[in-house]
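Novice: For reference, this is upload_32.txt, and it has compact mmCIF, C-alpha atoms and all ligand atoms.
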# COMPACT_ATOMS: atom_id res chain seq x y z
CA MET A 1 91.95 148.00 126.34
CA SER A 2 94.06 147.62 129.44
CA ASN A 3 97.64 146.56 129.94
CA GLY A 4 96.49 143.29 131.36
CA THR A 5 95.94 141.64 127.97
CA ASN A 6 97.19 138.09 128.10
CA GLU A 7 99.51 136.45 125.56
CA LYS A 8 96.75 134.69 123.69
CA GLY A 9 94.68 137.84 123.40
CA ARG A 10 97.67 139.84 122.28
CA SER A 11 98.48 137.58 119.37
CA ARG A 12 94.90 137.78 118.12
CA ILE A 13 94.25 141.51 118.24
CA SER A 14 94.58 143.80 115.25
CA ASP A 15 97.65 145.89 114.51
CA LYS A 16 95.81 149.04 115.52
CA GLU A 17 94.79 147.62 118.88
CA LEU A 18 98.35 146.43 119.38
CA MET A 19 99.61 149.93 118.64
CA GLU A 20 97.22 151.34 121.25
CA LEU A 21 98.67 148.98 123.84
CA ILE A 22 102.20 149.96 122.85
CA GLN A 23 101.29 153.61 123.20
CA SER A 24 100.01 152.93 126.68
CA GLY A 25 103.44 151.53 127.56
CA ASP A 26 102.87 147.79 127.22
CA GLU A 27 106.28 146.31 126.40
CA LYS A 28 105.01 142.83 125.59
CA SER A 29 102.82 144.29 122.89
CA PHE A 30 105.91 145.86 121.39
CA ALA A 31 107.59 142.45 121.30
CA GLU A 32 104.50 141.12 119.53
CA LEU A 33 104.76 143.89 116.95
CA VAL A 34 108.42 143.02 116.34
CA ALA A 35 107.43 139.39 115.85
CA ARG A 36 104.71 140.36 113.39
CA TYR A 37 106.83 142.60 111.24
CA GLN A 38 110.44 141.46 111.42
CA ASP A 39 110.29 139.03 108.47
CA ARG A 40 108.17 141.27 106.28
CA LEU A 41 110.57 144.13 106.89
CA LEU A 42 113.62 142.00 106.16
CA ASN A 43 112.13 140.92 102.86
CA PHE A 44 111.35 144.53 102.05
CA VAL A 45 114.45 146.37 103.26
CA GLY A 46 116.77 143.47 102.40
CA ARG A 47 115.68 143.63 98.79
CA ILE A 48 116.14 147.38 98.62
CA VAL A 49 119.62 147.55 100.13
CA THR A 50 120.57 144.06 98.82
CA ASP A 51 122.71 143.24 101.80
CA GLN A 52 121.54 141.22 104.76
CA GLU A 53 123.72 142.78 107.44
CA THR A 54 122.76 146.34 106.55
CA ALA A 55 119.14 145.27 106.25
CA GLU A 56 119.15 143.88 109.80
CA GLU A 57 120.72 147.06 111.15
CA LEU A 58 118.11 149.15 109.38
CA ILE A 59 115.27 147.00 110.69
CA GLN A 60 116.60 147.29 114.21
CA GLU A 61 116.71 151.05 113.74
CA THR A 62 113.17 150.93 112.33
CA PHE A 63 111.92 149.20 115.49
CA LEU A 64 113.79 151.69 117.68
CA ARG A 65 112.07 154.53 115.87
CA ILE A 66 108.70 152.82 116.17
CA PHE A 67 109.29 152.53 119.90
CA ASN A 68 110.54 156.10 120.31
CA GLN A 69 107.92 157.66 118.09
CA LYS A 70 105.00 155.45 119.06
CA HIS A 71 102.88 158.48 119.87
CA SER A 72 103.28 159.91 116.40
CA TYR A 73 101.23 157.04 114.99
CA THR A 74 97.63 157.99 114.23
CA PRO A 75 95.02 155.37 113.33
CA GLU A 76 94.02 157.14 110.10
CA TYR A 77 96.65 155.00 108.38
CA ALA A 78 97.23 151.29 108.62
CA VAL A 79 99.98 150.39 111.10
CA SER A 80 101.78 148.55 108.30
CA THR A 81 101.80 151.70 106.14
CA TRP A 82 103.40 153.67 108.96
CA ILE A 83 105.99 150.96 109.59
CA TYR A 84 106.84 150.53 105.91
CA THR A 85 107.26 154.29 105.59
CA ILE A 86 109.75 154.43 108.45
CA ALA A 87 111.69 151.47 107.07
CA LEU A 88 111.69 152.93 103.56
CA ASN A 89 113.02 156.28 104.75
CA LEU A 90 115.90 154.54 106.49
CA ALA A 91 116.63 152.33 103.49
CA ARG A 92 116.60 155.31 101.16
CA SER A 93 118.97 157.32 103.30
CA GLU A 94 121.28 154.29 103.34
CA LEU A 95 121.19 154.23 99.54
CA ARG A 96 121.98 157.95 99.43
CA LYS A 97 124.94 157.46 101.78
CA ARG A 98 126.20 154.65 99.58
CA LYS A 99 125.89 156.74 96.47
CA LEU A 100 127.89 159.49 98.10
CA ARG A 101 130.54 157.05 99.32
CA ARG A 102 130.81 155.53 95.89
CA PHE A 103 131.12 158.95 94.36
CA LEU A 104 133.77 160.08 96.84
CA SER A 105 135.78 156.90 96.43
CA LEU A 106 135.45 157.03 92.64
CA ASP A 107 134.06 153.50 92.80
CA PHE A 108 131.39 154.48 90.33
CA LEU A 109 134.05 154.29 87.66
CA LYS A 110 134.39 150.60 88.29
CA GLU A 111 131.95 147.92 87.25
CA GLU A 112 129.23 147.43 89.83
CA SER A 113 130.07 144.33 91.81
CA ASP A 114 127.57 141.56 92.22
CA VAL A 115 126.05 141.65 95.65
CA GLU A 116 124.95 138.35 97.07
CA ILE A 117 122.20 138.03 99.58
CA ALA A 118 121.66 135.18 101.97
CA GLY A 119 118.76 132.78 101.96
CA ARG A 120 118.22 132.16 98.28
CA THR A 121 117.67 128.47 98.21
CA GLY A 122 114.76 126.13 97.79
CA GLY A 123 111.38 126.73 96.24
CA ILE A 124 110.14 126.28 92.72
CA GLY A 125 112.15 129.19 91.39
CA GLU A 126 115.53 127.74 92.24
CA GLY A 127 116.79 128.39 88.74
CA LEU A 128 115.08 131.71 88.21
CA ALA A 129 115.30 133.13 91.73
CA PRO A 130 118.96 134.21 91.73
CA ILE A 131 118.62 135.69 88.26
CA LEU A 132 115.40 137.44 89.12
CA GLN A 133 116.89 138.77 92.34
CA LYS A 134 119.83 140.26 90.45
CA ALA A 135 117.52 141.76 87.88
CA ILE A 136 115.41 143.32 90.65
CA ASP A 137 118.54 144.68 92.35
CA ALA A 138 119.50 146.36 89.10
CA LEU A 139 116.20 148.26 88.69
CA PRO A 140 116.18 151.99 89.39
CA GLU A 141 115.18 152.60 93.01
CA ASP A 142 111.68 153.98 92.36
CA TYR A 143 110.70 151.04 90.16
CA ARG A 144 112.38 148.51 92.41
CA THR A 145 110.56 149.72 95.53
CA ALA A 146 107.18 149.73 93.78
CA PHE A 147 107.81 146.25 92.38
CA ILE A 148 108.91 144.85 95.76
CA LEU A 149 105.87 146.28 97.53
CA CYS A 150 103.50 144.98 94.87
CA ASP A 151 104.90 141.66 93.72
CA ILE A 152 106.91 140.49 96.73
CA GLN A 153 105.09 142.10 99.66
CA ARG A 154 101.74 141.73 97.88
CA LEU A 155 100.35 145.07 99.03
CA PRO A 156 97.40 146.74 97.25
CA TYR A 157 98.06 149.74 94.96
CA GLN A 158 96.37 152.14 97.37
CA GLN A 159 98.62 151.24 100.27
CA ILE A 160 101.73 151.38 98.09
CA ALA A 161 100.67 154.88 97.06
CA GLU A 162 100.39 155.89 100.72
CA ILE A 163 103.79 154.44 101.59
CA LEU A 164 105.52 156.05 98.62
CA ARG A 165 103.44 159.23 98.90
CA VAL A 166 102.66 159.30 95.20
CA PRO A 167 99.32 159.05 93.32
CA VAL A 168 97.93 155.58 92.64
CA GLY A 169 98.36 156.17 88.90
CA THR A 170 102.09 156.68 89.44
CA VAL A 171 102.27 153.43 91.39
CA LYS A 172 100.59 151.53 88.56
CA SER A 173 102.87 152.94 85.92
CA ARG A 174 105.98 152.23 88.00
CA ILE A 175 104.91 148.63 88.49
CA ASN A 176 104.17 148.29 84.80
CA ARG A 177 107.59 149.76 83.93
CA ALA A 178 109.36 147.56 86.48
CA ARG A 179 107.80 144.40 85.12
CA ALA A 180 108.62 145.41 81.55
CA MET A 181 112.24 146.15 82.54
CA LEU A 182 112.51 142.82 84.29
CA ARG A 183 111.15 141.08 81.25
CA ASP A 184 113.85 142.74 79.14
CA LYS A 185 116.58 141.91 81.63
CA LEU A 186 115.46 138.30 81.75
CA LYS A 187 115.28 137.91 77.99
CA PRO A 188 118.44 135.81 77.81
CA TYR A 189 116.78 133.35 80.20
CA LYS A 190 113.49 133.31 78.36
CA GLU A 191 113.21 129.54 78.04
CA ILE A 192 113.48 129.10 81.75
CA TYR A 193 110.72 131.39 82.77
CA TYR A 194 108.58 130.56 79.85
CA GLU A 195 108.61 126.96 80.93
CA LEU A 196 108.02 128.08 84.49
CA SER A 197 105.04 130.10 83.39
CA ARG A 198 103.51 126.97 81.87
CA GLY A 199 104.03 125.11 85.09
CA ILE A 200 106.71 122.78 83.73
CA PRO A 201 109.24 122.07 86.45
CA GLN A 202 112.56 123.14 85.05
CA THR A 203 115.85 121.57 85.98
CA ILE A 204 118.38 123.76 84.25
CA SER A 205 120.83 125.33 86.64
CA LEU A 206 122.64 128.42 85.51
CA TYR A 207 125.36 128.24 88.13
CA MET B 1 92.73 146.64 70.24
CA ASN B 2 96.17 146.32 68.65
CA CYS B 3 99.30 144.68 70.07
CA ARG B 4 100.62 147.99 71.39
CA GLY B 5 97.45 148.71 73.33
CA VAL B 6 97.37 145.19 74.74
CA SER B 7 101.02 145.15 75.64
CA ARG B 8 100.82 148.29 77.78
CA ARG B 9 97.79 146.92 79.60
CA LEU B 10 99.22 143.52 80.43
CA SER B 11 100.47 144.60 83.84
CA ALA B 12 97.04 145.90 84.81
CA PHE B 13 95.48 142.79 83.26
CA ILE B 14 97.49 140.55 85.58
CA ASP B 15 96.46 142.64 88.58
CA ASN B 16 92.82 142.54 87.52
CA ASP B 17 92.81 146.31 87.33
CA LEU B 18 91.03 146.89 84.01
CA SER B 19 87.45 147.96 83.46
CA PRO B 20 85.26 145.08 82.19
CA GLY B 21 85.07 146.47 78.65
CA ILE B 22 88.81 146.90 78.24
CA ARG B 23 89.49 143.60 79.89
CA GLN B 24 87.27 141.87 77.37
CA ALA B 25 89.02 143.61 74.46
CA VAL B 26 92.38 142.43 75.78
CA GLU B 27 91.09 138.90 76.22
CA GLU B 28 89.76 138.83 72.68
CA HIS B 29 93.08 140.00 71.31
CA LEU B 30 94.98 137.43 73.34
CA GLU B 31 92.87 134.64 71.88
CA HIS B 32 94.32 135.05 68.42
CA CYS B 33 97.67 136.84 68.99
CA HIS B 34 100.44 134.42 69.78
CA SER B 35 103.06 137.10 70.43
CA CYS B 36 100.96 138.98 73.00
CA LYS B 37 100.00 135.73 74.64
CA ARG B 38 103.64 134.85 75.05
CA ARG B 39 104.38 138.26 76.46
CA LEU B 40 101.60 137.75 78.99
CA GLY B 41 103.17 134.43 79.92
CA GLU B 42 106.48 136.17 80.58
CA TYR B 43 104.87 138.80 82.78
CA GLU B 44 103.01 136.13 84.71
CA ALA B 45 106.19 134.14 85.17
CA ILE B 46 107.96 137.16 86.60
CA VAL B 47 105.13 137.91 89.00
CA THR B 48 104.88 134.28 90.07
CA ALA B 49 108.63 133.96 90.52
CA ALA B 50 108.74 137.18 92.54
CA ARG B 51 106.02 135.90 94.83
CA ASP B 52 107.88 132.63 95.23
CA LEU B 53 111.29 134.16 95.84
CA PRO B 54 112.77 132.38 98.83
CA SER B 55 112.24 134.44 101.96
CA LEU B 56 115.20 136.06 103.57
CA THR B 57 115.56 134.99 107.17
CA LEU B 58 116.92 136.94 110.09
CA THR B 59 120.06 135.77 111.82
CA ASP B 60 119.58 134.27 115.28
CA GLY B 61 118.93 136.55 118.21
CA PHE B 62 117.46 139.45 116.27
CA VAL B 63 114.61 140.09 118.69
CA GLU B 64 117.04 139.99 121.61
CA ARG B 65 119.23 142.55 119.88
CA VAL B 66 116.26 144.87 119.37
CA VAL B 67 115.19 144.52 123.00
CA LYS B 68 118.77 145.10 124.16
CA ALA B 69 119.08 148.18 121.98
CA ILE B 70 115.90 149.60 123.44
CA ASN B 71 116.96 148.83 126.99
CA SER B 72 120.36 150.44 126.67
CA GLN B 73 118.68 153.39 125.02
CA GLN B 74 116.43 153.67 128.07
CA GLU B 75 119.47 153.56 130.35
CA THR B 76 121.14 156.26 128.32
CA LYS B 77 118.04 158.38 128.71
CA GLU B 78 118.25 157.94 132.46
CA VAL B 79 121.92 158.89 132.50
CA LEU B 80 121.23 161.93 130.36
CA GLY B 81 118.27 162.75 132.56
CA ALA B 82 120.46 162.63 135.66
CA PHE B 83 123.06 164.66 133.83
CA ARG B 84 120.51 167.33 132.98
CA TYR B 85 119.08 167.25 136.46
CA ARG B 86 122.48 167.82 138.00
CA PHE B 87 123.26 170.52 135.55
CA THR B 88 120.00 172.22 136.34
CA ILE B 89 120.82 172.08 140.05
CA ALA B 90 124.28 173.47 139.38
CA GLY B 91 122.84 176.16 137.14
CA ALA B 92 120.19 177.07 139.69
CA ALA B 93 122.76 177.25 142.46
CA PHE B 94 124.86 179.51 140.32
CA MET B 95 121.92 181.77 139.55
CA VAL B 96 120.89 181.91 143.16
CA THR B 97 124.39 182.84 144.26
CA SER B 98 124.82 185.45 141.57
CA ALA B 99 121.43 186.87 142.44
CA ALA B 100 122.41 186.84 146.09
CA VAL B 101 125.53 188.74 145.22
CA PHE B 102 123.44 191.48 143.71
CA PHE B 103 121.19 191.47 146.70
CA LEU B 104 124.10 191.84 149.07
CA VAL B 105 126.27 194.12 146.97
CA GLY B 106 123.65 195.83 144.84
CA PRO B 107 123.79 195.99 141.07
CA PRO B 108 126.97 197.52 139.72
CA SER B 109 126.48 200.96 138.31
CA THR B 110 127.82 199.91 134.93
CA ASN B 111 125.78 197.98 132.33
CA VAL B 112 125.06 194.57 133.86
CA THR B 113 123.13 192.71 131.22
CA SER B 114 125.89 191.15 129.17
CA THR B 115 128.97 191.15 131.36
CA TYR B 116 129.71 187.70 132.60
CA SER B 117 133.11 188.84 133.88
CA GLY B 118 131.31 191.58 135.80
CA VAL B 119 129.31 188.95 137.61
CA GLN B 120 132.43 186.92 138.21
CA ASP B 121 134.11 189.95 139.68
CA SER B 122 131.17 190.52 141.96
CA LEU B 123 131.28 186.88 142.98
CA MET B 124 134.95 187.16 143.83
CA ARG B 125 134.36 190.34 145.75
CA GLN B 126 131.46 188.73 147.49
CA SER B 127 133.34 185.59 148.41
CA GLN B 128 135.74 187.81 150.32
CA THR B 129 133.18 190.06 151.93
CA ALA B 130 130.30 187.73 152.77
CA PRO B 131 131.53 184.30 153.93
CA ASP B 132 128.26 183.67 155.84
CA PHE B 133 126.26 183.49 152.67
CA TRP B 134 128.53 180.86 151.11
CA ALA B 135 128.21 178.69 154.14
CA HIS B 136 124.38 178.78 153.98
CA PRO B 137 123.30 179.73 150.47
CA GLU B 138 119.82 178.23 150.89
CA THR B 139 118.77 180.71 153.57
CA LYS B 140 118.25 183.60 151.19
CA VAL B 141 116.47 181.76 148.44
CA SER B 142 112.71 181.83 148.80
CA SER B 143 111.69 185.45 148.97
CA PHE B 144 114.64 186.72 147.11
CA PRO B 145 113.94 189.35 144.43
CA VAL B 146 116.10 188.74 141.40
CA PRO B 147 117.26 192.02 139.93
CA GLU B 148 116.76 192.40 136.21
CA GLY B 149 119.79 191.18 134.29
CA ALA B 150 121.20 189.35 137.27
CA ILE B 151 121.38 186.07 135.39
CA PRO B 152 124.42 186.12 133.17
CA GLN B 153 123.38 185.63 129.56
CA GLN B 154 126.26 183.27 128.93
CA ALA B 155 125.13 180.87 131.62
CA VAL B 156 121.63 180.75 130.18
CA ASP B 157 122.99 180.14 126.70
CA SER B 158 125.31 177.33 127.65
CA LYS B 159 122.53 175.65 129.53
CA SER B 160 120.09 175.73 126.65
CA THR B 161 122.76 174.47 124.28
CA LEU B 162 123.36 171.49 126.45
CA ARG B 163 119.68 170.74 126.70
CA ASN B 164 119.25 170.83 122.93
CA ASP B 165 122.27 168.67 122.49
CA SER B 166 121.06 166.02 124.90
CA THR B 167 117.64 165.90 123.30
CA LEU B 168 119.18 165.54 119.90
CA ARG B 169 121.27 162.63 121.06
CA ILE B 170 118.28 160.81 122.44
CA GLU B 171 116.30 161.22 119.27
CA GLU B 172 119.17 160.29 117.04
CA TYR B 173 120.91 156.98 117.30
CA VAL B 174 122.01 157.08 120.91
CA LEU B 175 123.47 153.64 121.41
CA PRO B 176 127.04 154.06 120.20
CA ASP B 177 127.39 157.18 122.34
CA TYR B 178 126.03 155.62 125.47
CA GLN B 179 129.36 154.57 126.97
CA LYS B 180 130.94 157.86 126.06
CA VAL B 181 128.17 159.88 127.60
CA LYS B 182 128.26 157.78 130.72
CA GLU B 183 132.01 158.27 131.04
CA THR B 184 131.65 161.99 130.58
CA VAL B 185 128.99 162.15 133.21
CA ASP B 186 130.95 159.98 135.65
CA HIS B 187 134.02 162.04 135.04
CA LYS B 188 132.32 165.37 135.51
CA PHE B 189 130.40 164.55 138.63
ZN ZN A 301 99.18 141.11 69.90
What does the file become when written as structure tokens?
Specialist:
Amino acid sequence: MSNGTNEKGRSRISDKELMELIQSGDEKSFAELVARYQDRLLNFVGRIVTDQETAEELIQETFLRIFNQKHSYTPEYAVSTWIYTIALNLARSELRKRKLRRFLSLDFLKEESDVEIAGRTGGIGEGLAPILQKAIDALPEDYRTAFILCDIQRLPYQQIAEILRVPVGTVKSRINRARAMLRDKLKPYKEIYYELSRGIPQTISLY
Amino acid sequence: MNCRGVSRRLSAFIDNDLSPGIRQAVEEHLEHCHSCKRRLGEYEAIVTAARDLPSLTLTDGFVERVVKAINSQQETKEVLGAFRYRFTIAGAAFMVTSAAVFFLVGPPSTNVTSTYSGVQDSLMRQSQTAPDFWAHPETKVSSFPVPEGAIPQQAVDSKSTLRNDSTLRIEEYVLPDYQKVKETVDHKF
């Protein structure tokens, strides 16, 4: 495909074709890629680092790396797998830095503070959403990432395995564990989600 | 299948990831076991709520910030490129002159390979004895045989260090350093 692809054509082509155009130096295709992935990445990275500002910085860095390392992409993997992997590496190194900072500042001796994240309004889960979000934030990183990729990003097991570079069986057991942990964490709010699960609109607000 | 067996398969059950036989066994158990059925309801509620979590939204101007970051990164690359180019010219000029010194003076009888100060000495001697060459250094370049060891090791080292350093900066997060690098370059040249 040539660089002369028009706007309409560009928005219709597959991720792989888009990547080919980017590799051939087409800047508009790169903008299209940013448009395709920015929200997905925010909802992935944002839920790992649990802080919007850091998440946006990391996503910007993710796109810079995609641009700089565009030639390292090979079509044997889905473009999304490659992008998620880059974003995940950055998010994980951010978590490691934080851990170290917390350790050095002796903050780990204090109670973990509640981290709020923007954009948690509306939708059916108004009552459950903030509680669920906090419960997700509190999961160990491996389980949290698997859960986010499966139940929030809605990716298939196989792709999650490729992103996390673990066997599919490991992915399944992490997701199973994550859901079980969430169920335990949400036990005090059982009535709410039980009603939710039966499709009864609930009106209780916990805040 | 007992409650334990069902309970550890509920996650796979929700994802439709059980073989038909096992799936049927789970379904049969669920028909008469209230406790497992409730547990399934809780799992389903979590999965549904996770899917329906309100989306996070980017603050305004995100795309512009990405584009800007890439553009200033490109500029930095150009500055660094120019910096390297100039350094290469400077390095080449230095090598040519030191080589010329050996051509005009002949290699010193002592060990040449590692003595930067030896080269410097020769340069100083040469600058006094051969002013013509300094006025037109380019005249002796093309067919000039470079004696072995004429290029001071130190000069080669410092050059390669700089090159590695620049490359590293481009690949790492260049943006915050851009202004600094530019100032350094402007200052030096
Ligand atoms: Zn049971």
Novice: Provide as a ChimeraX atom specification the residues of chain B at most 10 Å from chain A, counting only C-alpha atoms.
Specialist: /B:7-12,15,17,38-59,62-67,69-70,73,170-173
Novice: Using all atoms listed in the file, find each residue with an atom at most 6 Å away from ligand ZN 301 (chain A) and format the answer as a ChimeraX atom specification.
Specialist: /B:3,33,35-36
Novice: Determine, counting all atoms listed in the file, every residue of protein, DNA or RNA that lies within 8 Å of (101.6, 151.6, 120.5) in the file coordinates, then give the result as a PyMOL selection string.
Specialist: chain A and resi 18-26+29-30+67+70-71+73
Novice: Which value, in Å to one decimal, gives the distance between CA of Lys68 (chain B) and CA of Ser93 (chain A)?
Specialist: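 Distance reported for this atom pair: 24.2 Å.
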Novice: Measure the distance from CA of Asn89 (chain A) to CA of Tyr37 (chain A) in Å and round it to one decimal.
Specialist: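 Interatomic distance here is 16.4 Å.
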Novice: Any idea what the distance is between CA of Gln159 (chain A) and CA of Thr81 (chain A)?
Specialist: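 Calculated distance between CA of Gln159 (chain A) and CA of Thr81 (chain A) is 6.7 Å.
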Novice: So which one's closest to Ala87 (chain A), A:Val45, A:Thr50, A:Leu100, A:Arg165? Using all atoms listed in the file, please.
Specialist: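 Counting all atoms listed in the file, the residue closest to Ala87 (chain A) is A:Val45.
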Novice: Around the point (94.0, 153.2, 109.5) in the file's coordinates, collect all residues with an atom within 12 Å, using all atoms listed in the file, and return them as number ranges by chain.
Specialist: A: 14-17, 19, 73-82, 159, 162
Novice: Near Asn2 (chain B), counting only C-alpha atoms, which residues have an atom at most 9 Å away, once you skip same-chain residues fewer than 4 positions from it, shown as number ranges by chain?
Specialist: B: 6-7, 26, 29
Novice: Tell me which of A:Ile48, A:Leu90, A:Val171, A:Ala146 sits closest to Gln158 (chain A), counting only C-alpha atoms.
Specialist: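 Of all the options, A:Val171 lies closest to Gln158 (chain A).
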Novice: With all atoms of region 61-74 of chain A from the file as input, state the centre and edge lengths in Å to one decimal of the axis-aligned box that has 3 Å extra on each side, as JSON.
Specialist:
{"center_x": 107.2, "center_y": 154.6, "center_z": 116.3, "size_x": 25.1, "size_y": 16.7, "size_z": 14.0}
